[in-house]
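Accompanying notes for the structure given below.
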Amino acid sequence: MFAHNFKYTLKTLIRSKELIFWTFAFPLILATFFYMAFSNISKSEKLDIIDIAIINNNEFKGNEVYKNAFDKLSDKENKDRLFKITYTNEDKAKQLLEDDKIIGFLKLEDGNPRITINKNGIDQTVFKYATEEISQTSDMVKNLSEEEIKKELISGNINIDYNSIYQNVDEMIENSKTNLKDVSNKNLDYVMIEFYTLIAMTCLYGGILSMVTINQSLANMSSKGKRVSISPTNKKTIILSSVLASYLVQIAGLSLLFLYTIFVLKVNYGSNIPLIILLSLVGSLAGLSLGIFIAVVLKSNEKAKTGILIATTMLGCFFAGMFGITMKYITDKNIPFVNKINPVNMITDGFYSLYYYDTLNRYWINVISLLIFSFILILISFAGLRRQKYDSI
Amino acid sequence: MTVFKTFLKILNKNKFIVIMYTAILLIFGAANMQTSENSMSYIPEKPDVIIVNNDNDQGITKDLIKYIKKNSNLINITGEDKINDALFYREANYIIYIPKNYSEDFMTGKNPQIKVKNAGDYEAALAEMIVSRYTKVAATYQKSIKNENELIKKTNETLSKEAKIKTVSKIDSTSLEKAAYYFNFESYSLLACLIYVICLILSTFNDDKIRKRTIISSTDYKKNNRILLLSNCLYALVVWLLYLVVSFILIGKIMFTAYGLIYAINSLLFTICASSIAFLVGNIVKNKNTINGIVNVIALGSSFLCGAFVPQTYLPKAVLNIAHILPTYYYIKTNNDLSSLEIINFETLKPLFTNMIVLIIFTLIFIILTNIITKSKRKIG
């Protein structure tokens, strides 16, 4: 009987176009959209070459410090290249600025740099910083050379070699490197969270499958349920085989999504494959138990049950960051309780900790939370399923 | 009247959908409106920085922190896990770990190493500029100045050389960008609301049994269709007006200018286009259960591809090229172009008009397609 029911549940599930759309196709479509929309975000976070203009007046032409520094900053060979510079007159620069061809222009006036921009932004600030750095360096050259010359004069040296002093000072500045060491984790692509929430959503959407199968064995939900209920088969066998079949379909859908995101969209789930599989299995179990729970506990028609399952999942997705990754962070930080009981977040956070963290503590907490979540829901559902009697249906 | 009443009945049953999409628009629209700064003068961008100071708060360490504080937003988070989370979700762009005995080691010329964590974005690059600028200037002076206080004084003197900056913009670009964001997002809500409800209504009226009954009834079928069309248009207009009212509340002042007028006209054109899409889909779809799936695919698809959620400038070129075949692309392009327009006159508005004409052409194509399809479907076997 187990095998018989298992086989036919499997067949019914796979042949239902609507179910397959929501559990198989919809996540794939969403993944594609996410990929198209977000694939450039992490790249565009990097600093681009900034288009600027410099007023090519006599003062600029005569100022070696500025000329050399900007030459260096716009050198195509330089890997730290910041700017693409147009040297022009003031009227043309204004026109370029108006046409949004450049983000701002620089004019040297009485030894002071003046920058003109037309809106605020990071590029504009970088432009200002780079310019300031040049004027600060030239200030340092001035100060240090004066100091050196003073020293020479005090020591009674009349034949001062100005050139060598400038050279020494230049070298001194050149040699004072800042000593920063980047120790950040390289896995910092927060767009990944979107894909993790998608996996989590698929796990929970899978609950629709188990819900449908349970509905089919409930006497008050369908005529098939009535027939099953009066048959002399053990109810445990029926329920277990149906649920197992739905779990199998669920896993199939999830595997498809994994294969698609890993091989076609190149999503990074971290490198620990057994733990990724474990998390997906446990996550699917959470979806399955949510489906059973809603099917058993709610006494309403199938449409309402589906609506509630989808609404719950979507609400969970909202707090887990599907519609704005920051939402997950805000929730984690300010109302951690919500995300502690949110299965979508447990799955998302599990993947996040595999991707970003070196230790596994956080991962195991999420896996155990998911198991507890599933266990409680299944326990309540089984209590509800036992010894059902109907006076009239 | 009977037709209109039925229309209202079905609409009333599905009012939840309209409310839901309006709520989504409100939440996302409002979330984006929060940080309102006047952008007419220069405001430097400030990166978000966390400093973990393992040294005593004195001497060069104290001054370095003071300098970073002046040029960035210091965020107060303690605990390594929380700091890591903050970096991942970009609450902080840059984390600076000042080592033990930093100021002493610095004064003896060791140039001690500072460990940093970097989110790899624009703001992080800026933060790095700030830190390296200070340490470079201080390290240079350290070679000739041995007194810590004098060193700090000299360093600050040099660092106070700032470039003068002037903003020449005549428009309030921040508010305009916010308006563009709102109207871009509106395309999603409009599409979803209109397609869902109009499809549902059409498929109800197109149900074989109901159609047979209406055809044999004494009412002229042309009148019937006319009322149905008018009520759908009325519904679309009401949704458009509702979203326009919301935009007045959320965006405010700028909506009362010529910019606001063009945003409104553009969204009206898009509303009409969306209704024509809804008509087309409603006439193709037979099964009510599939409507939900179709709405999601069309509304989410065009919103993701055309830049309603993620700005068009962030989208890959290939995606934008595909988006050219969708009407939403032209609607959103008009909104974006408008937000960076300095002067409004016929010449500058020309590209915007072109987009609007493309939108109208799309509408016409959808209407023609609908006519072809309904014509072939008129006979009931």
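Labels used: A, B, ... for chains in the order of the structure tokens, numbers from 1 for residues in each chain, and numbers from 1 for ligands as shown.
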Excluding same-chain residues fewer than 5 positions from segment 312-328 of chain B, what lies within 9 Å of it counting only C-alpha atoms, as an mmCIF file with C-alpha atoms, in the first residue's frame?
data_model
loop_
_atom_site.group_PDB
_atom_site.id
_atom_site.type_symbol
_atom_site.label_atom_id
_atom_site.label_comp_id
_atom_site.auth_asym_id
_atom_site.auth_seq_id
_atom_site.Cartn_x
_atom_site.Cartn_y
_atom_site.Cartn_z
ATOM 1 C CA MET A 36 20.125 40.036 -14.710
ATOM 2 C CA ALA A 37 19.383 42.878 -12.352
ATOM 3 C CA PHE A 38 22.065 42.376 -9.720
ATOM 4 C CA SER A 39 25.039 40.920 -11.575
ATOM 5 C CA ASN A 40 26.481 44.363 -12.207
ATOM 6 C CA ILE A 41 25.901 45.881 -8.775
ATOM 7 C CA LYS A 43 31.083 45.438 -10.083
ATOM 8 C CA SER A 44 29.692 48.957 -10.195
ATOM 9 C CA ASN B 184 10.025 53.962 -11.668
ATOM 10 C CA SER B 187 5.579 50.910 -12.994
ATOM 11 C CA PHE B 270 2.201 54.182 -19.079
ATOM 12 C CA CYS B 273 -0.112 51.141 -22.099
ATOM 13 C CA ALA B 274 -0.365 48.817 -19.097
ATOM 14 C CA SER B 302 9.776 44.000 -16.852
ATOM 15 C CA SER B 303 10.579 45.738 -13.569
ATOM 16 C CA LEU B 305 14.903 44.114 -16.744
ATOM 17 C CA CYS B 306 13.982 47.747 -17.289
ATOM 18 C CA GLY B 307 15.368 49.171 -14.085
ATOM 19 C CA LYS B 333 14.091 56.181 -19.351
ATOM 20 C CA ASN B 336 15.515 59.152 -15.432
ATOM 21 C CA VAL B 358 7.353 54.899 -28.520
ATOM 22 C CA LEU B 359 5.133 54.190 -25.520
ATOM 23 C CA PHE B 362 3.456 50.059 -28.046
ATOM 24 C CA THR B 363 -0.072 50.766 -26.829
#
Please provide the set of residues having any atom within 7 Å of segment 278-282 of chain B, restricted to only C-alpha atoms, with same-chain residues fewer than 5 positions apart removed, written as an MDAnalysis selection string.
chainID B and resid 194:195 198:199 202:203 366 370
What would the file look like if the residues just selected were written as a PDB file, in the first residue's frame with C-alpha atoms?
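Printed below is part_7.pdb as written:
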ATOM      1  CA  LEU B 194      -3.945  46.539 -13.721  1.00  0.00           C
ATOM      2  CA  ILE B 195      -3.082  43.177 -15.259  1.00  0.00           C
ATOM      3  CA  ILE B 198      -8.449  43.464 -15.659  1.00  0.00           C
ATOM      4  CA  CYS B 199      -7.494  39.879 -16.529  1.00  0.00           C
ATOM      5  CA  LEU B 202     -12.194  39.752 -18.640  1.00  0.00           C
ATOM      6  CA  SER B 203     -11.771  36.071 -17.973  1.00  0.00           C
ATOM      7  CA  PHE B 366      -1.158  45.842 -28.119  1.00  0.00           C
ATOM      8  CA  THR B 370      -6.017  42.239 -28.969  1.00  0.00           C
TER       9      THR B 370
END
Quick one: of B:Ile291, B:Ile77, B:Phe304, B:Asn283, who's nearest to Lys375 of chain B, counting only C-alpha atoms?
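Of all the options, B:Asn283 lies closest to Lys375 of chain B.
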May I ask you to extract the residues of chain A within 6 Å of chain B, using only C-alpha atoms, and to give them as number ranges by chain?
A: 37, 40-41, 45-47, 113-118, 122, 125, 132, 136, 173, 176, 178-184, 188
Let me make sure I understand: among B:Phe106, B:Ile24, B:Ile277, B:Leu200, which one has the smallest atom-to-atom distance to Asn292 of chain B if we use only C-alpha atoms?
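Comparing B:Phe106, B:Ile24, B:Ile277, B:Leu200 against Asn292 of chain B, the winner is B:Leu200.
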